[in-house]
Amino acid sequence: MSPFFSICIPVYKNAAHLKRLLDSVFSQTFTDYEVIITDDTPDDSIRAMLQENFKGKPLQYVYNHPALGTPENWNAAIGHAKGQWIKLMHNDDWFAHENVLQTFFDAVQANPGVNFFFSAFVNITEKTGYRQFVRMNGFDRLFLKMSPLHLFRKVYVGNPSCTLVKNGLGISYDKQFKFVVDFDYYIRLIQAGHAYKYIDRYLLHIGFHEEQVTQYTKLNPSVQIFENVRLLKQYGAGILKNVFVFDYYWRLFRNIAVTNLEDAQKYIHEEFPAPLIKMLWFQSKIPLRVLKMGVVSKMLMSMAYLRNLAGL
């Protein structure tokens, strides 16, 4: 009989983080689960830590040679899952308490027909210990209900560790992405008609440190421009009619200080969608220091957005 949960953990280095996560897994009061670890680490540190600390525990270890990278290692871990539900966990995150799996199980039982769950979470900066408690308020829930494209405004769902997804839905993480990979996946999941349910309880601790992929890609133009232009072409330029999507792209180019088409095209050798060309033309006429002035930037974005709606 298949387990209820498959806890899928794609790993790259950081054996201490993995130990913290597994300690939180094996302390759970709900125990109908399997643990799958797919390892991209170039040395034997993960295997050695598992042998020393978790020998005899119900886990499956798979060493990737060659390494798969993000997010293919995520997909690989999920591909080994035999459970009814997929609980993908990043190596540097961990369960907030011993009843997390029980809470997810109870949510599944109470919501038949729902294929996608996510919860509130706590961001923890490892260097300082700072904690940020993140939950959806009423406006957040309304915005997400209106359209999954509002994930461009804010990734209400959190990272994949905050989610629980029914196994076998046939939707995987897109291997061409690293930074936008999670909210692209959520949008496609919801657009495919899969009902979601938010659990308003803090179930996950999300670790932040300097070695994470999201940290070194956040303001990297070669990553951000490539991925976001590809993302826009994938969904179609028509999504820029949504003001939150338009604002997302406006802030993207402003924040990485690439505000003209010539510079932007250095990072992706593809034709830019016409609305992006117009946006960059508009931004190129304005000094960057002005673009970074909050209220002024928002006013200018609104003008550019209205021009886009009017087809100017």
# chains A, B, ... in the order shown; residues from 1 in each chain; ligands from 1

call {"tool": "closest_atom_pairs", "arguments": {"of": "stretch 8-89 of chain A", "to": "stretch 179-186 of chain A", "cutoff": "12 Å", "atoms": "only C-alpha atoms", "output": "Markdown table"}}
result
| residue | atom | partner | partner_atom | distance |
| --- | --- | --- | --- | --- |
| A:Thr70 | CA | A:Val181 | CA | 9.1 |
| A:Pro71 | CA | A:Val181 | CA | 7.6 |
| A:Glu72 | CA | A:Val181 | CA | 10.8 |
| A:Trp74 | CA | A:Val181 | CA | 10.9 |
| A:Asn75 | CA | A:Tyr185 | CA | 11.7 |
| A:Leu88 | CA | A:Asp182 | CA | 11.6 |

call {"tool": "closest_residue", "arguments": {"among": "A:Ala107, A:Leu21, A:Ala48, A:Val35", "to": "A:Pro3", "atoms": "only C-alpha atoms"}}
result
A:Val35

call {"tool": "residues_around", "arguments": {"residues": "A:Lys13", "least_positions_apart": "3", "cutoff": "12 Å", "atoms": "only C-alpha atoms", "output": "PDB file with N, CA and C atoms, in the first residue's frame"}}
result
ATOM      1  N   PRO A  10      15.276  17.337  -2.600  1.00  0.00           N
ATOM      2  CA  PRO A  10      16.426  17.491  -3.484  1.00  0.00           C
ATOM      3  C   PRO A  10      17.551  18.199  -2.730  1.00  0.00           C
ATOM      4  N   ALA A  16      24.428  19.749   7.251  1.00  0.00           N
ATOM      5  CA  ALA A  16      23.859  20.190   8.529  1.00  0.00           C
ATOM      6  C   ALA A  16      22.413  20.634   8.348  1.00  0.00           C
ATOM      7  N   HIS A  17      22.122  21.313   7.241  1.00  0.00           N
ATOM      8  CA  HIS A  17      20.745  21.722   6.966  1.00  0.00           C
ATOM      9  C   HIS A  17      19.856  20.494   6.761  1.00  0.00           C
ATOM     10  N   LEU A  18      20.358  19.522   6.026  1.00  0.00           N
ATOM     11  CA  LEU A  18      19.569  18.315   5.793  1.00  0.00           C
ATOM     12  C   LEU A  18      19.290  17.586   7.103  1.00  0.00           C
ATOM     13  N   LYS A  19      20.276  17.536   7.993  1.00  0.00           N
ATOM     14  CA  LYS A  19      20.060  16.880   9.292  1.00  0.00           C
ATOM     15  C   LYS A  19      18.952  17.586  10.065  1.00  0.00           C
ATOM     16  N   THR A  38      17.305  13.069  -3.225  1.00  0.00           N
ATOM     17  CA  THR A  38      18.075  13.015  -4.467  1.00  0.00           C
ATOM     18  C   THR A  38      19.211  14.019  -4.346  1.00  0.00           C
ATOM     19  N   ASP A  39      20.429  13.549  -4.519  1.00  0.00           N
ATOM     20  CA  ASP A  39      21.616  14.284  -4.099  1.00  0.00           C
ATOM     21  C   ASP A  39      22.473  14.730  -5.280  1.00  0.00           C
ATOM     22  N   ASP A  40      22.629  16.062  -5.424  1.00  0.00           N
ATOM     23  CA  ASP A  40      23.497  16.650  -6.448  1.00  0.00           C
ATOM     24  C   ASP A  40      24.897  16.989  -5.921  1.00  0.00           C
ATOM     25  N   THR A  41      25.181  16.690  -4.674  1.00  0.00           N
ATOM     26  CA  THR A  41      26.436  17.089  -4.045  1.00  0.00           C
ATOM     27  C   THR A  41      27.630  16.391  -4.707  1.00  0.00           C
ATOM     28  N   PRO A  42      28.716  17.132  -5.028  1.00  0.00           N
ATOM     29  CA  PRO A  42      29.845  16.511  -5.724  1.00  0.00           C
ATOM     30  C   PRO A  42      30.726  15.623  -4.844  1.00  0.00           C
ATOM     31  N   ASP A  43      30.471  15.588  -3.541  1.00  0.00           N
ATOM     32  CA  ASP A  43      31.271  14.730  -2.656  1.00  0.00           C
ATOM     33  C   ASP A  43      30.344  13.783  -1.889  1.00  0.00           C
ATOM     34  N   ASP A  44      30.901  13.103  -0.891  1.00  0.00           N
ATOM     35  CA  ASP A  44      30.164  12.072  -0.167  1.00  0.00           C
ATOM     36  C   ASP A  44      29.599  12.569   1.161  1.00  0.00           C
ATOM     37  N   SER A  45      29.548  13.891   1.362  1.00  0.00           N
ATOM     38  CA  SER A  45      29.190  14.433   2.675  1.00  0.00           C
ATOM     39  C   SER A  45      27.748  14.110   3.073  1.00  0.00           C
ATOM     40  N   ILE A  46      26.827  14.131   2.108  1.00  0.00           N
ATOM     41  CA  ILE A  46      25.427  13.842   2.429  1.00  0.00           C
ATOM     42  C   ILE A  46      25.250  12.375   2.787  1.00  0.00           C
ATOM     43  N   ARG A  47      25.817  11.509   1.984  1.00  0.00           N
ATOM     44  CA  ARG A  47      25.707  10.069   2.254  1.00  0.00           C
ATOM     45  C   ARG A  47      26.295   9.729   3.627  1.00  0.00           C
ATOM     46  N   ALA A  48      27.452  10.327   3.938  1.00  0.00           N
ATOM     47  CA  ALA A  48      28.105  10.053   5.213  1.00  0.00           C
ATOM     48  C   ALA A  48      27.247  10.521   6.387  1.00  0.00           C
ATOM     49  N   MET A  49      26.642  11.690   6.264  1.00  0.00           N
ATOM     50  CA  MET A  49      25.795  12.205   7.336  1.00  0.00           C
ATOM     51  C   MET A  49      24.582  11.304   7.552  1.00  0.00           C
ATOM     52  N   ALA A  67      25.245  15.690 -11.810  1.00  0.00           N
ATOM     53  CA  ALA A  67      24.282  16.491 -11.065  1.00  0.00           C
ATOM     54  C   ALA A  67      23.216  17.049 -12.007  1.00  0.00           C
ATOM     55  N   GLY A  69      20.944  19.721 -11.166  1.00  0.00           N
ATOM     56  CA  GLY A  69      20.721  21.161 -11.020  1.00  0.00           C
ATOM     57  C   GLY A  69      19.274  21.474 -10.687  1.00  0.00           C
ATOM     58  N   HIS A  90      12.684  21.900   0.482  1.00  0.00           N
ATOM     59  CA  HIS A  90      14.047  22.367   0.236  1.00  0.00           C
ATOM     60  C   HIS A  90      14.921  21.987   1.423  1.00  0.00           C
ATOM     61  N   ASN A  91      16.167  21.723   1.118  1.00  0.00           N
ATOM     62  CA  ASN A  91      17.123  21.241   2.109  1.00  0.00           C
ATOM     63  C   ASN A  91      17.284  22.188   3.296  1.00  0.00           C
ATOM     64  N   ASP A  92      17.144  23.503   3.055  1.00  0.00           N
ATOM     65  CA  ASP A  92      17.404  24.477   4.118  1.00  0.00           C
ATOM     66  C   ASP A  92      16.141  24.887   4.873  1.00  0.00           C
ATOM     67  N   GLU A 211      24.005  31.315   0.341  1.00  0.00           N
ATOM     68  CA  GLU A 211      24.353  30.329  -0.687  1.00  0.00           C
ATOM     69  C   GLU A 211      23.158  29.891  -1.524  1.00  0.00           C
ATOM     70  N   GLN A 212      21.970  30.371  -1.226  1.00  0.00           N
ATOM     71  CA  GLN A 212      20.778  29.931  -1.941  1.00  0.00           C
ATOM     72  C   GLN A 212      20.751  30.470  -3.371  1.00  0.00           C
TER      73      GLN A 212
END

call {"tool": "residues_around", "arguments": {"residues": "A:Phe4", "least_positions_apart": "2", "cutoff": "8 Å", "atoms": "only C-alpha atoms", "output": "VMD selection string"}}
result
chain A and resid 2 6 32 to 33 83 to 85

call {"tool": "closest_residue", "arguments": {"among": "A:Phe139, A:Phe116, A:Phe246, A:Tyr202", "to": "A:Ile187", "atoms": "only C-alpha atoms"}}
result
A:Phe116

call {"tool": "residues_around", "arguments": {"residues": "stretch 254-261 of chain A", "least_positions_apart": "3", "cutoff": "8 Å", "atoms": "only C-alpha atoms", "output": "list in words"}}
result
Leu219, Asn220, Pro221, Trp250, Arg251, Ala264, Gln265, Ile277, Leu280, Trp281, Gln283, Ser284, Leu288, Leu291 and Lys292 of chain A

call {"tool": "write_last_selection", "arguments": {"atoms": "N, CA and C atoms", "output": "PDB file, in the first residue's frame"}}
result
ATOM      1  N   LEU A 219      19.179  39.768  -8.266  1.00  0.00           N
ATOM      2  CA  LEU A 219      19.469  40.997  -8.993  1.00  0.00           C
ATOM      3  C   LEU A 219      20.462  40.758 -10.128  1.00  0.00           C
ATOM      4  N   ASN A 220      20.505  39.529 -10.606  1.00  0.00           N
ATOM      5  CA  ASN A 220      21.414  39.161 -11.691  1.00  0.00           C
ATOM      6  C   ASN A 220      20.695  39.362 -13.027  1.00  0.00           C
ATOM      7  N   PRO A 221      21.096  40.373 -13.821  1.00  0.00           N
ATOM      8  CA  PRO A 221      20.384  40.650 -15.078  1.00  0.00           C
ATOM      9  C   PRO A 221      20.354  39.473 -16.040  1.00  0.00           C
ATOM     10  N   TRP A 250       7.833  46.355 -14.760  1.00  0.00           N
ATOM     11  CA  TRP A 250       8.357  47.717 -14.570  1.00  0.00           C
ATOM     12  C   TRP A 250       9.421  47.729 -13.465  1.00  0.00           C
ATOM     13  N   ARG A 251       9.085  47.122 -12.322  1.00  0.00           N
ATOM     14  CA  ARG A 251      10.014  47.088 -11.193  1.00  0.00           C
ATOM     15  C   ARG A 251      11.227  46.217 -11.488  1.00  0.00           C
ATOM     16  N   ALA A 264      19.150  45.543 -22.490  1.00  0.00           N
ATOM     17  CA  ALA A 264      18.375  44.355 -22.136  1.00  0.00           C
ATOM     18  C   ALA A 264      18.635  43.212 -23.107  1.00  0.00           C
ATOM     19  N   GLN A 265      18.819  43.522 -24.384  1.00  0.00           N
ATOM     20  CA  GLN A 265      19.009  42.478 -25.389  1.00  0.00           C
ATOM     21  C   GLN A 265      20.373  41.801 -25.308  1.00  0.00           C
ATOM     22  N   ILE A 277       9.168  46.400 -25.212  1.00  0.00           N
ATOM     23  CA  ILE A 277       9.959  47.387 -25.946  1.00  0.00           C
ATOM     24  C   ILE A 277       9.458  48.788 -25.626  1.00  0.00           C
ATOM     25  N   LEU A 280      10.453  49.743 -22.003  1.00  0.00           N
ATOM     26  CA  LEU A 280      11.865  50.121 -21.892  1.00  0.00           C
ATOM     27  C   LEU A 280      12.130  51.466 -22.552  1.00  0.00           C
ATOM     28  N   TRP A 281      11.450  51.746 -23.653  1.00  0.00           N
ATOM     29  CA  TRP A 281      11.586  53.065 -24.276  1.00  0.00           C
ATOM     30  C   TRP A 281      11.151  54.147 -23.302  1.00  0.00           C
ATOM     31  N   GLN A 283      11.039  53.954 -19.961  1.00  0.00           N
ATOM     32  CA  GLN A 283      11.978  54.049 -18.834  1.00  0.00           C
ATOM     33  C   GLN A 283      13.292  54.714 -19.243  1.00  0.00           C
ATOM     34  N   SER A 284      13.697  54.504 -20.494  1.00  0.00           N
ATOM     35  CA  SER A 284      14.974  55.076 -20.945  1.00  0.00           C
ATOM     36  C   SER A 284      14.958  56.599 -20.972  1.00  0.00           C
ATOM     37  N   LEU A 288      17.506  57.098 -13.789  1.00  0.00           N
ATOM     38  CA  LEU A 288      17.299  55.959 -12.907  1.00  0.00           C
ATOM     39  C   LEU A 288      16.989  56.404 -11.479  1.00  0.00           C
ATOM     40  N   LEU A 291      13.414  57.009 -11.345  1.00  0.00           N
ATOM     41  CA  LEU A 291      12.654  55.756 -11.417  1.00  0.00           C
ATOM     42  C   LEU A 291      12.615  55.038 -10.071  1.00  0.00           C
ATOM     43  N   LYS A 292      13.639  55.260  -9.267  1.00  0.00           N
ATOM     44  CA  LYS A 292      13.717  54.555  -7.981  1.00  0.00           C
ATOM     45  C   LYS A 292      13.047  55.331  -6.853  1.00  0.00           C
TER      46      LYS A 292
END

call {"tool": "residues_around", "arguments": {"residues": "A:Arg201", "least_positions_apart": "2", "cutoff": "7 Å", "atoms": "only C-alpha atoms", "output": "list in words"}}
result
Ser119, Ala120, Ile199 and Leu203 of chain A

call {"tool": "write_last_selection", "arguments": {"atoms": "N, CA and C atoms", "output": "tab-separated table (two decimals), in the first residue's frame"}}
result
chain	number	residue	atom	x	y	z
A	119	SER	N	0.51	26.68	3.12
A	119	SER	CA	0.29	27.18	4.47
A	119	SER	C	1.05	28.47	4.72
A	120	ALA	N	0.74	29.09	5.85
A	120	ALA	CA	1.55	30.20	6.34
A	120	ALA	C	2.93	29.67	6.72
A	199	ILE	N	-3.92	27.04	4.20
A	199	ILE	CA	-4.00	26.66	5.61
A	199	ILE	C	-3.39	27.79	6.43
A	203	LEU	N	3.29	26.49	9.45
A	203	LEU	CA	3.71	25.09	9.44
A	203	LEU	C	5.17	24.89	9.02

call {"tool": "select_by_dssp", "arguments": {"residues": "stretch 129-246 of chain A", "states": "alpha helix (DSSP H)", "output": "PyMOL selection string"}}
result
chain A and resi 138-146+181-191+213-217+221-235+243-246

call {"tool": "residues_around", "arguments": {"residues": "stretch 24-30 of chain A", "least_positions_apart": "2", "cutoff": "9 Å", "atoms": "only C-alpha atoms", "output": "JSON, numbers by chain"}}
result
{"A": [7, 19, 20, 21, 22, 32, 33, 35, 57, 94, 95, 96, 97, 98, 99, 100, 101, 102, 105]}

call {"tool": "closest_residue", "arguments": {"among": "A:Ile268, A:Leu252, A:Leu164, A:Ile225", "to": "A:Met301", "atoms": "only C-alpha atoms"}}
result
A:Leu252
